file input.txt (compact mmCIF, C-alpha atoms and all ligand atoms)
# COMPACT_ATOMS: atom_id res chain seq x y z
CA MET A 1 191.06 108.79 86.57
CA ALA A 2 189.36 105.36 86.66
CA ASP A 3 187.73 104.18 83.43
CA ARG A 4 184.01 104.69 83.29
CA VAL A 5 181.87 101.56 83.59
CA LYS A 6 180.31 100.77 80.21
CA ALA A 7 176.70 99.67 79.99
CA GLY A 8 173.91 98.70 77.65
CA LEU A 9 170.15 98.98 78.17
CA ILE A 10 167.64 96.46 76.76
CA GLY A 11 164.09 97.86 76.69
CA CYS A 12 163.48 101.59 76.24
CA GLY A 13 159.90 101.79 77.55
CA ALA A 14 158.18 103.52 80.47
CA ILE A 15 160.69 102.59 83.19
CA SER A 16 163.81 103.11 81.07
CA PRO A 17 164.42 106.77 82.06
CA LYS A 18 164.93 105.55 85.63
CA HIS A 19 167.63 103.15 84.46
CA LEU A 20 169.28 105.78 82.31
CA ASN A 21 169.15 108.32 85.10
CA GLY A 22 170.75 105.76 87.43
CA PHE A 23 173.56 105.36 84.89
CA ARG A 24 173.98 109.10 84.56
CA ASN A 25 174.04 109.68 88.32
CA ASN A 26 176.79 107.08 88.63
CA ASP A 27 178.81 108.34 85.65
CA ILE A 28 178.26 105.18 83.61
CA GLU A 29 178.84 105.30 79.86
CA LEU A 30 175.86 104.25 77.75
CA VAL A 31 177.41 102.21 74.92
CA ALA A 32 174.19 100.92 73.35
CA VAL A 33 170.44 100.66 73.73
CA CYS A 34 168.08 98.04 72.35
CA ASP A 35 164.35 98.05 71.65
CA LEU A 36 162.02 96.77 68.97
CA ILE A 37 160.76 100.33 68.47
CA GLU A 38 163.25 102.70 66.77
CA GLU A 39 161.72 105.94 68.15
CA ARG A 40 162.11 104.75 71.72
CA MET A 41 165.80 104.09 71.18
CA ALA A 42 166.24 107.47 69.50
CA LYS A 43 164.61 109.19 72.47
CA ALA A 44 166.76 107.31 74.98
CA ILE A 45 169.91 108.30 73.10
CA ASP A 46 168.73 111.90 72.72
CA ASP A 47 167.99 112.21 76.41
CA TYR A 48 170.80 110.18 77.93
CA GLY A 49 173.30 108.98 75.34
CA ASP A 50 176.17 110.59 73.52
CA PRO A 51 177.02 110.65 69.80
CA SER A 52 178.69 107.24 69.96
CA THR A 53 175.77 105.42 71.65
CA ARG A 54 174.50 102.72 69.31
CA ALA A 55 170.93 101.49 68.77
CA VAL A 56 170.19 97.83 67.98
CA VAL A 57 166.93 95.98 67.53
CA ASP A 58 168.25 92.49 68.33
CA TYR A 59 169.45 92.28 71.94
CA ARG A 60 172.00 89.64 70.95
CA ASP A 61 173.81 92.31 68.92
CA LEU A 62 174.10 94.40 72.08
CA LEU A 63 175.36 91.38 74.05
CA ALA A 64 178.01 90.80 71.38
CA MET A 65 179.63 94.19 72.06
CA ASP A 66 182.84 93.41 73.91
CA GLU A 67 183.20 96.77 75.63
CA ILE A 68 179.86 96.44 77.46
CA GLU A 69 180.46 95.21 81.03
CA MET A 70 176.93 95.45 82.43
CA VAL A 71 173.43 95.41 80.98
CA SER A 72 170.16 96.66 82.37
CA ILE A 73 167.11 94.68 81.30
CA ALA A 74 163.81 96.59 81.27
CA THR A 75 161.56 94.46 79.06
CA PRO A 76 158.26 92.73 79.96
CA PRO A 77 158.63 89.94 82.58
CA ALA A 78 158.46 86.88 80.32
CA LEU A 79 161.70 88.05 78.64
CA HIS A 80 163.67 88.54 81.88
CA GLY A 81 164.80 84.92 82.22
CA PRO A 82 166.00 84.29 78.64
CA MET A 83 167.64 87.72 78.31
CA SER A 84 169.41 87.51 81.70
CA ILE A 85 170.74 84.05 80.95
CA ASP A 86 171.99 85.07 77.49
CA ALA A 87 173.60 88.20 78.98
CA MET A 88 175.49 86.27 81.65
CA ARG A 89 176.62 83.72 79.07
CA ALA A 90 177.89 86.65 76.95
CA GLY A 91 180.06 87.71 79.91
CA LYS A 92 177.93 90.64 81.11
CA HIS A 93 176.90 91.58 84.63
CA VAL A 94 173.13 91.96 84.80
CA MET A 95 170.63 94.27 86.50
CA CYS A 96 167.18 93.03 85.61
CA GLU A 97 163.81 94.61 86.30
CA LYS A 98 161.28 93.06 88.64
CA PRO A 99 159.59 90.61 88.68
CA CYS A 100 162.61 88.30 88.62
CA VAL A 101 161.49 85.58 86.23
CA THR A 102 158.16 83.93 85.61
CA SER A 103 158.89 80.28 86.49
CA VAL A 104 160.81 78.32 89.10
CA ALA A 105 162.59 76.35 86.37
CA GLU A 106 163.92 79.64 84.95
CA ALA A 107 164.90 80.93 88.40
CA GLU A 108 166.91 77.75 88.95
CA GLN A 109 168.57 78.17 85.58
CA VAL A 110 169.46 81.81 86.38
CA LYS A 111 171.04 80.68 89.63
CA ARG A 112 172.98 77.91 87.92
CA VAL A 113 174.24 80.13 85.10
CA ALA A 114 175.25 82.85 87.58
CA GLY A 115 177.32 80.23 89.42
CA GLU A 116 178.85 78.83 86.24
CA THR A 117 179.76 82.17 84.67
CA GLY A 118 180.64 84.09 87.85
CA GLN A 119 178.67 87.07 86.51
CA LEU A 120 176.76 89.28 88.92
CA ILE A 121 173.02 89.36 88.58
CA VAL A 122 170.52 91.31 90.67
CA PHE A 123 166.83 91.94 90.20
CA LEU A 124 165.35 95.32 90.91
CA GLY A 125 162.56 94.20 93.22
CA ALA A 126 165.21 95.15 95.78
CA ARG A 127 164.44 98.83 95.12
CA PHE A 128 162.03 98.74 98.05
CA ARG A 129 164.75 97.66 100.49
CA TYR A 130 166.20 101.14 100.70
CA GLY A 131 165.06 103.40 103.50
CA MET A 132 162.90 101.92 106.25
CA PRO A 133 163.56 98.24 105.43
CA GLN A 134 167.30 98.90 105.80
CA MET A 135 166.63 100.22 109.28
CA ALA A 136 164.45 97.18 110.06
CA LYS A 137 167.28 94.93 108.87
CA SER A 138 169.71 96.54 111.28
CA TYR A 139 167.33 95.85 114.22
CA ILE A 140 166.88 92.27 113.04
CA ASP A 141 170.62 91.70 112.55
CA ASP A 142 171.26 93.04 116.07
CA GLY A 143 168.86 90.41 117.45
CA ASP A 144 166.32 93.00 118.62
CA LEU A 145 163.35 91.08 117.23
CA GLY A 146 164.31 87.65 118.58
CA GLU A 147 162.70 84.84 116.59
CA ILE A 148 160.57 86.24 113.78
CA TYR A 149 157.40 84.20 113.45
CA ARG A 150 155.02 86.39 111.37
CA VAL A 151 155.32 88.85 108.55
CA ASN A 152 152.20 90.49 107.21
CA VAL A 153 152.01 92.72 104.13
CA LYS A 154 149.03 94.73 103.03
CA TYR A 155 149.14 96.75 99.82
CA TYR A 156 145.98 98.29 98.36
CA ARG A 157 145.49 100.76 95.56
CA ARG A 158 142.13 102.46 95.21
CA ARG A 159 142.18 102.24 91.41
CA GLY A 160 145.56 101.46 89.91
CA ARG A 161 145.59 98.63 87.39
CA PRO A 162 148.55 99.25 85.06
CA GLY A 163 147.48 99.03 81.44
CA VAL A 164 143.92 99.92 82.49
CA ASP A 165 143.70 102.76 85.02
CA ILE A 166 147.36 103.87 84.97
CA LEU A 167 150.15 103.39 82.41
CA GLU A 168 147.32 103.14 79.91
CA GLY A 169 148.29 101.38 76.72
CA ILE A 170 150.94 99.13 78.33
CA HIS A 171 148.72 96.13 77.96
CA TRP A 172 151.21 93.37 78.69
CA PHE A 173 150.64 94.11 82.43
CA VAL A 174 147.25 92.38 82.23
CA ASP A 175 148.31 89.49 79.96
CA ARG A 176 149.45 86.50 82.01
CA ALA A 177 151.62 85.07 79.25
CA ARG A 178 153.75 88.21 79.22
CA ALA A 179 153.37 89.50 82.81
CA GLY A 180 153.33 86.21 84.76
CA ALA A 181 150.48 87.47 86.98
CA GLY A 182 148.71 90.71 87.93
CA VAL A 183 149.09 92.67 91.16
CA MET A 184 151.30 89.93 92.59
CA MET A 185 153.97 90.23 89.87
CA ASP A 186 153.58 93.99 89.58
CA MET A 187 153.72 95.05 93.24
CA GLY A 188 153.66 91.87 95.37
CA VAL A 189 157.16 90.88 94.30
CA TYR A 190 158.62 94.06 95.80
CA PHE A 191 157.26 93.11 99.22
CA MET A 192 158.18 89.46 98.77
CA ASP A 193 161.71 90.64 98.10
CA THR A 194 161.76 92.83 101.22
CA VAL A 195 160.40 90.23 103.61
CA ILE A 196 162.45 87.34 102.20
CA TRP A 197 165.56 89.51 102.56
CA LEU A 198 164.63 90.60 106.10
CA THR A 199 164.06 87.02 107.22
CA GLY A 200 167.06 85.36 105.59
CA ALA A 201 165.39 83.66 102.59
CA PRO A 202 164.18 80.47 104.33
CA PRO A 203 162.78 77.66 102.14
CA ILE A 204 159.05 78.15 101.52
CA THR A 205 157.29 74.85 101.97
CA ALA A 206 153.65 75.52 101.05
CA VAL A 207 151.35 78.29 99.90
CA SER A 208 147.62 78.80 100.03
CA ALA A 209 146.24 81.65 97.94
CA SER A 210 143.12 83.06 96.38
CA GLU A 211 142.76 85.40 93.42
CA PHE A 212 140.02 87.73 92.28
CA ARG A 213 139.31 89.57 89.04
CA GLY A 214 135.96 91.15 88.39
CA PHE A 215 136.03 94.94 88.24
CA ASP A 216 134.75 96.76 85.18
CA HIS A 217 137.17 98.01 82.56
CA ASP A 218 136.95 99.46 79.09
CA LEU A 219 139.82 97.67 77.36
CA PRO A 220 139.26 96.83 73.68
CA GLU A 221 138.05 93.27 73.12
CA ASP A 222 141.25 92.13 71.45
CA VAL A 223 143.30 92.94 74.58
CA THR A 224 143.91 89.91 76.78
CA PHE A 225 143.08 90.60 80.43
CA ASP A 226 143.48 87.36 82.34
CA VAL A 227 145.43 88.33 85.49
CA GLU A 228 144.21 88.86 89.02
CA GLU A 229 143.31 92.26 90.45
CA HIS A 230 143.46 91.04 94.05
CA SER A 231 145.69 88.35 95.52
CA ASN A 232 145.65 86.88 99.00
CA ILE A 233 148.53 84.66 100.06
CA LEU A 234 149.56 82.60 103.12
CA ALA A 235 153.06 81.11 102.81
CA ARG A 236 154.62 78.60 105.20
CA THR A 237 158.37 78.26 105.65
CA ASP A 238 160.41 75.39 107.03
CA THR A 239 160.28 77.02 110.50
CA ASP A 240 157.37 78.54 112.48
CA LEU A 241 157.62 81.68 110.33
CA THR A 242 154.69 82.43 108.06
CA TYR A 243 154.17 85.26 105.58
CA THR A 244 150.86 86.74 104.48
CA PHE A 245 150.29 89.15 101.60
CA ASP A 246 147.03 90.93 100.84
CA LEU A 247 147.49 92.76 97.55
CA ALA A 248 145.04 94.83 95.53
CA TRP A 249 145.39 96.86 92.35
CA ILE A 250 141.86 98.14 92.83
CA ALA A 251 139.61 98.18 95.90
CA HIS A 252 136.83 100.19 97.46
CA HIS A 253 139.13 100.99 100.35
CA GLU A 254 141.67 103.66 101.18
CA PRO A 255 145.15 103.05 99.75
CA VAL A 256 147.28 101.05 102.20
CA GLN A 257 150.93 100.04 102.29
CA ALA A 258 152.10 98.28 105.44
CA VAL A 259 154.68 95.67 106.37
CA GLU A 260 154.44 94.18 109.88
CA VAL A 261 157.23 92.00 111.28
CA LEU A 262 156.60 90.19 114.56
CA GLY A 263 159.30 88.56 116.67
CA THR A 264 159.55 87.18 120.18
CA ARG A 265 161.55 90.18 121.43
CA GLY A 266 160.28 92.99 119.23
CA GLY A 267 158.09 94.01 116.35
CA ILE A 268 158.38 96.48 113.50
CA VAL A 269 155.64 98.18 111.54
CA MET A 270 156.56 100.08 108.37
CA GLN A 271 153.80 101.90 106.59
CA GLN A 272 152.89 104.69 104.30
CA GLY A 273 151.32 106.82 106.98
CA ASP A 274 152.19 108.25 110.32
CA PRO A 275 154.34 107.09 112.02
CA PRO A 276 156.16 105.53 109.05
CA PHE A 277 158.34 103.27 111.21
CA THR A 278 157.61 101.86 114.66
CA PHE A 279 159.76 99.48 116.65
CA TYR A 280 157.90 97.78 119.49
CA THR A 281 159.96 96.23 122.26
CA ASP A 282 159.90 95.36 125.92
CA LYS A 283 163.60 96.05 126.24
CA GLY A 284 164.18 98.26 129.29
CA GLY A 285 160.70 97.70 130.67
CA PRO A 286 157.53 95.92 129.70
CA TRP A 287 156.04 96.86 126.36
CA HIS A 288 157.84 100.07 125.64
CA TRP A 289 157.96 101.14 122.07
CA MET A 290 159.86 103.61 120.06
CA ASN A 291 158.49 105.65 117.22
CA THR A 292 160.94 107.02 114.76
CA THR A 293 160.10 110.13 112.88
CA THR A 294 160.44 110.89 109.20
CA GLU A 295 163.99 112.15 109.85
CA TRP A 296 165.66 108.93 108.73
CA ARG A 297 164.83 108.51 105.10
CA HIS A 298 167.12 107.98 102.18
CA ARG A 299 167.18 110.99 99.94
CA GLU A 300 168.44 109.50 96.67
CA ASP A 301 166.14 107.69 94.30
CA ALA A 302 166.31 103.93 94.70
CA GLN A 303 167.50 103.20 91.15
CA THR A 304 170.52 105.47 91.66
CA CYS A 305 171.30 103.59 94.88
CA MET A 306 170.89 100.24 93.12
CA VAL A 307 173.28 101.17 90.32
CA ARG A 308 175.79 102.61 92.80
CA ASP A 309 175.73 99.40 94.87
CA PHE A 310 175.88 97.23 91.75
CA VAL A 311 179.01 98.99 90.52
CA ARG A 312 180.59 98.56 93.96
CA ALA A 313 179.75 94.86 93.77
CA MET A 314 181.29 94.63 90.28
CA GLY A 315 184.49 95.94 91.86
CA GLY A 316 184.39 93.21 94.53
CA ASP A 317 182.99 95.34 97.38
CA ASP A 318 179.45 94.00 97.54
CA PRO A 319 177.26 95.98 99.97
CA GLY A 320 174.73 93.14 99.70
CA VAL A 321 171.74 95.01 98.36
CA GLY A 322 169.94 93.64 95.30
CA THR A 323 167.81 90.52 94.82
CA ASN A 324 170.38 87.77 94.41
CA PRO A 325 169.73 84.48 92.56
CA LEU A 326 168.78 82.57 95.74
CA GLU A 327 166.32 85.27 96.81
CA ALA A 328 164.98 85.38 93.23
CA LEU A 329 164.38 81.63 93.43
CA ARG A 330 162.49 81.98 96.74
CA ILE A 331 160.33 84.80 95.35
CA THR A 332 159.57 82.77 92.24
CA GLU A 333 158.76 79.63 94.25
CA LEU A 334 156.37 81.67 96.37
CA SER A 335 154.67 83.33 93.40
CA GLU A 336 154.41 80.11 91.38
CA MET A 337 152.89 78.23 94.32
CA ALA A 338 150.46 81.15 94.87
CA ILE A 339 149.32 81.08 91.23
CA ARG A 340 148.82 77.31 91.31
CA SER A 341 147.04 77.47 94.64
CA GLY A 342 144.70 80.16 93.33
CA ASN A 343 143.91 78.03 90.27
CA LEU A 344 143.43 74.80 92.19
CA ALA A 345 141.70 76.36 95.22
CA ARG A 346 143.85 74.37 97.65
CA GLU A 347 147.23 74.61 99.37
CA VAL A 348 150.17 73.79 97.10
CA SER A 349 153.43 72.42 98.47
CA ALA A 350 156.96 73.05 97.20
CA ASP A 351 157.21 69.37 96.17
CA GLU A 352 154.63 70.04 93.47
CA LEU A 353 156.72 72.68 91.68
CA ASN A 354 158.20 71.91 88.28
CA ARG A 355 161.96 72.07 88.73
CA SER A 356 164.43 72.55 85.91
N1 LIG B 401 156.42 101.28 84.25
C1 LIG B 401 156.73 101.29 85.53
O1 LIG B 401 156.33 102.19 86.29
C2 LIG B 401 157.65 100.24 86.10
C3 LIG B 401 158.15 100.45 87.38
C4 LIG B 401 159.05 99.53 87.91
C5 LIG B 401 159.38 98.40 87.19
N2 LIG B 401 158.84 98.17 85.95
C6 LIG B 401 159.21 96.94 85.25
O2 LIG B 401 160.01 97.26 84.13
C7 LIG B 401 159.78 96.31 83.08
C8 LIG B 401 159.38 97.09 81.84
O3 LIG B 401 158.20 97.83 82.12
P1 LIG B 401 157.78 99.12 81.30
O4 LIG B 401 156.66 99.72 82.07
O5 LIG B 401 158.96 99.93 80.97
O6 LIG B 401 157.16 98.44 79.99
P2 LIG B 401 157.11 99.04 78.52
O7 LIG B 401 156.21 98.14 77.75
O8 LIG B 401 156.84 100.50 78.55
O9 LIG B 401 158.62 98.84 78.03
C9 LIG B 401 159.15 97.61 77.63
C10 LIG B 401 159.99 97.84 76.40
O10 LIG B 401 160.60 96.60 76.03
C11 LIG B 401 160.62 96.55 74.61
N3 LIG B 401 160.75 95.17 74.17
C12 LIG B 401 159.81 94.20 74.16
N4 LIG B 401 160.33 93.08 73.64
C13 LIG B 401 161.62 93.34 73.32
C14 LIG B 401 162.65 92.57 72.75
N5 LIG B 401 162.49 91.30 72.39
N6 LIG B 401 163.86 93.18 72.54
C15 LIG B 401 164.05 94.47 72.90
N7 LIG B 401 163.09 95.24 73.45
C16 LIG B 401 161.90 94.68 73.66
C17 LIG B 401 159.30 97.16 74.21
O11 LIG B 401 159.30 97.61 72.86
C18 LIG B 401 159.17 98.31 75.21
O12 LIG B 401 159.69 99.52 74.70
C19 LIG B 401 158.69 95.36 83.59
O13 LIG B 401 159.27 94.19 84.10
C20 LIG B 401 158.02 96.16 84.71
O14 LIG B 401 157.45 95.33 85.69
C21 LIG B 401 158.00 99.10 85.38

call {"tool": "encode", "arguments": {"input": "input.txt", "output": "structure tokens"}}
result
Amino acid sequence: MADRVKAGLIGCGAISPKHLNGFRNNDIELVAVCDLIEERMAKAIDDYGDPSTRAVVDYRDLLAMDEIEMVSIATPPALHGPMSIDAMRAGKHVMCEKPCVTSVAEAEQVKRVAGETGQLIVFLGARFRYGMPQMAKSYIDDGDLGEIYRVNVKYYRRRGRPGVDILEGIHWFVDRARAGAGVMMDMGVYFMDTVIWLTGAPPITAVSASEFRGFDHDLPEDVTFDVEEHSNILARTDTDLTYTFDLAWIAHHEPVQAVEVLGTRGGIVMQQGDPPFTFYTDKGGPWHWMNTTTEWRHREDAQTCMVRDFVRAMGGDDPGVGTNPLEALRITELSEMAIRSGNLAREVSADELNRS
């Protein structure tokens, strides 16, 4: 029998059961967990560990454990860059939560360290690639869309600000220093990941964006709330392709989730709604289209798929799913330009980014 892969988890908060469940479903041994809060580690070990699973408060102690081959990082966003880099330098493969990192300089460093150490690193914004986007990718790879020139994403929640309306008490979500941004870093990065992956991660040359925050809330006064609730983004690439993202944590509007991909030979619309996936084409006659039904949907949870694919990649058989360092850099360039553009109220070009 092959040895079990040995893993560690850093961050035992709200999302950690998903990580631990992904380990369990892939028969991965949980060697150690890390958190600043003892009770959270105890619960993680109770629910998912075994008697030998260790608990450490300093993540560097976990990284020093030789037997650990891979680590999952599930801490607030501002820690993703430093922890990922330290983990790769300690010889670990890394699965890190979304958003990737919170600055372009860090994203470049992650990419460089991944190259230098040869360690695998993926970010979990790629969770949304499973299911319909995988089907879209197969149409795109077969050339059925021709030249893709527009991608439009719309994501609205009626009332869903984490730390305020949902996940109450997890206040870092609304603190820019720890979260990076609001709805864009929370949900926008999932869609940025999907569309950048679908379109081959072209360089993004300029971004124009606006931000809004202004809805009522009842957070205590000592809680910092300085991130956007609504973000609107137009991104140019080095070809004719442009991306737009309209993202809302809260809106007087029905909830919406739609990704529209337009090419010269075909178009794809993926949405939460009916039909969930539509491929428009004039193949075989002018302006025919095909609606798929809900039949083709993946039935495993995305985290289990991510861990399964990650372990395959560790063994040298990379199925190519997971935000890789180049895609992470593109996502971070896009989000950093969007934040700057929102602040400056003008288009920001890639030349203006602070590089490492
Ligand atoms: N909550 C969700 O539904 C959800 C879904 C998908 C992705 N995510 C992502 O997962 C990450 C974590 O989110 P969460 O909701 O679990 O937050 P959380 O605040 O519930 O958990 C974060 C944990 O990290 C720990 N931590 C903070 N600093 C640490 C340090 N220096 N060393 C060790 N542990 C430290 C905290 O004590 C906490 O237990 C974020 O990047 C978030 O965007 C969350």

call {"tool": "axis_aligned_box", "arguments": {"input": "input.txt", "around": "segment 242-245 of chain A", "padding_each_side": "5 Å", "output": "JSON"}}
result
{"center_x": 152.5, "center_y": 85.8, "center_z": 104.8, "size_x": 14.4, "size_y": 16.7, "size_z": 16.5}

call {"tool": "closest_atom_pairs", "arguments": {"input": "input.txt", "of": "segment 125-152 of chain A", "to": "segment 314-332 of chain A", "cutoff": "9 Å", "atoms": "all atoms listed in the file", "output": "Markdown table"}}
result
| residue | atom | partner | partner_atom | distance |
| --- | --- | --- | --- | --- |
| A:Gly125 | CA | A:Thr323 | CA | 6.6 |
| A:Ala126 | CA | A:Gly322 | CA | 5.0 |
| A:Arg127 | CA | A:Gly322 | CA | 7.6 |
| A:Arg129 | CA | A:Val321 | CA | 7.8 |
| A:Tyr130 | CA | A:Val321 | CA | 8.6 |

call {"tool": "write_last_selection", "arguments": {"input": "input.txt", "atoms": "C-alpha atoms", "output": "CSV table (one decimal), in the coordinates of the input"}}
result
chain,number,residue,atom,x,y,z
A,125,GLY,CA,162.6,94.2,93.2
A,126,ALA,CA,165.2,95.2,95.8
A,127,ARG,CA,164.4,98.8,95.1
A,129,ARG,CA,164.8,97.7,100.5
A,130,TYR,CA,166.2,101.1,100.7

call {"tool": "residues_near_ligand", "arguments": {"input": "input.txt", "ligand": "ligand LIG 401 (chain B)", "cutoff": "7 Å", "atoms": "all atoms listed in the file", "output": "list in words"}}
result
Ile10, Gly11, Cys12, Gly13, Ala14, Ile15, Ser16, Cys34, Asp35, Leu36, Ile37, Arg40, Val57, Asp58, Tyr59, Ala74, Thr75, Pro76, Pro77, Glu97, Lys98, Pro99, Leu167, Ile170, Trp172 and Asp186 of chain A

call {"tool": "residues_around", "arguments": {"input": "input.txt", "residues": "segment 237-246 of chain A", "least_positions_apart": "4", "cutoff": "9 Å", "atoms": "all atoms listed in the file", "output": "compact mmCIF listing (two decimals) with C-alpha atoms, in the coordinates of the input"}}
result
# COMPACT_ATOMS: atom_id res chain seq x y z
CA GLU A 147 162.70 84.84 116.59
CA ILE A 148 160.57 86.24 113.78
CA TYR A 149 157.40 84.20 113.45
CA ARG A 150 155.02 86.39 111.37
CA VAL A 151 155.32 88.85 108.55
CA ASN A 152 152.20 90.49 107.21
CA VAL A 153 152.01 92.72 104.13
CA LYS A 154 149.03 94.73 103.03
CA TYR A 155 149.14 96.75 99.82
CA TYR A 156 145.98 98.29 98.36
CA GLY A 188 153.66 91.87 95.37
CA PHE A 191 157.26 93.11 99.22
CA MET A 192 158.18 89.46 98.77
CA VAL A 195 160.40 90.23 103.61
CA THR A 199 164.06 87.02 107.22
CA PRO A 202 164.18 80.47 104.33
CA PRO A 203 162.78 77.66 102.14
CA ILE A 204 159.05 78.15 101.52
CA THR A 205 157.29 74.85 101.97
CA ALA A 206 153.65 75.52 101.05
CA HIS A 230 143.46 91.04 94.05
CA SER A 231 145.69 88.35 95.52
CA ASN A 232 145.65 86.88 99.00
CA ILE A 233 148.53 84.66 100.06

call {"tool": "closest_atom_pairs", "arguments": {"input": "input.txt", "of": "segment 192-270 of chain A", "to": "segment 341-347 of chain A", "cutoff": "8 Å", "atoms": "all atoms listed in the file", "output": "Markdown table"}}
result
| residue | atom | partner | partner_atom | distance |
| --- | --- | --- | --- | --- |
| A:Ala206 | CA | A:Glu347 | CA | 6.7 |
| A:Val207 | CA | A:Glu347 | CA | 5.5 |
| A:Ser208 | CA | A:Glu347 | CA | 4.3 |
| A:Ala209 | CA | A:Gly342 | CA | 5.1 |
| A:Ser210 | CA | A:Gly342 | CA | 4.5 |
| A:Glu211 | CA | A:Gly342 | CA | 5.6 |

call {"tool": "residues_around", "arguments": {"input": "input.txt", "residues": "Ala78 of chain A", "least_positions_apart": "5", "cutoff": "12 Å", "atoms": "all atoms listed in the file", "output": "list in words"}}
result
Ile73, Met83, Ser84, Cys96, Glu97, Lys98, Pro99, Cys100, Val101, Thr102, Ser103, Glu106, Ala107, Trp172, Phe173, Asp175, Arg176, Ala177, Arg178, Ala179, Gly180, Ala181 and Met185 of chain A

call {"tool": "closest_residue", "arguments": {"input": "input.txt", "among": "A:Tyr190, A:Trp249, A:Phe310, A:Tyr139", "to": "Pro162 of chain A", "atoms": "all atoms listed in the file"}}
result
A:Trp249

call {"tool": "closest_residue", "arguments": {"input": "input.txt", "among": "A:Val189, A:Ile68, A:Met95, A:Leu334", "to": "Ala235 of chain A", "atoms": "only C-alpha atoms"}}
result
A:Leu334

call {"tool": "atom_distance", "arguments": {"input": "input.txt", "atom1": "atom CA of Val259 of chain A", "atom2": "atom CA of Lys111 of chain A"}}
result
27.8 Å

call {"tool": "closest_residue", "arguments": {"input": "input.txt", "among": "A:Leu30, A:Glu39, A:Met70, A:Arg89", "to": "Arg54 of chain A", "atoms": "all atoms listed in the file"}}
result
A:Leu30

call {"tool": "atom_distance", "arguments": {"input": "input.txt", "atom1": "atom CA of Pro17 of chain A", "atom2": "atom CA of Ile85 of chain A"}}
result
23.6 Å
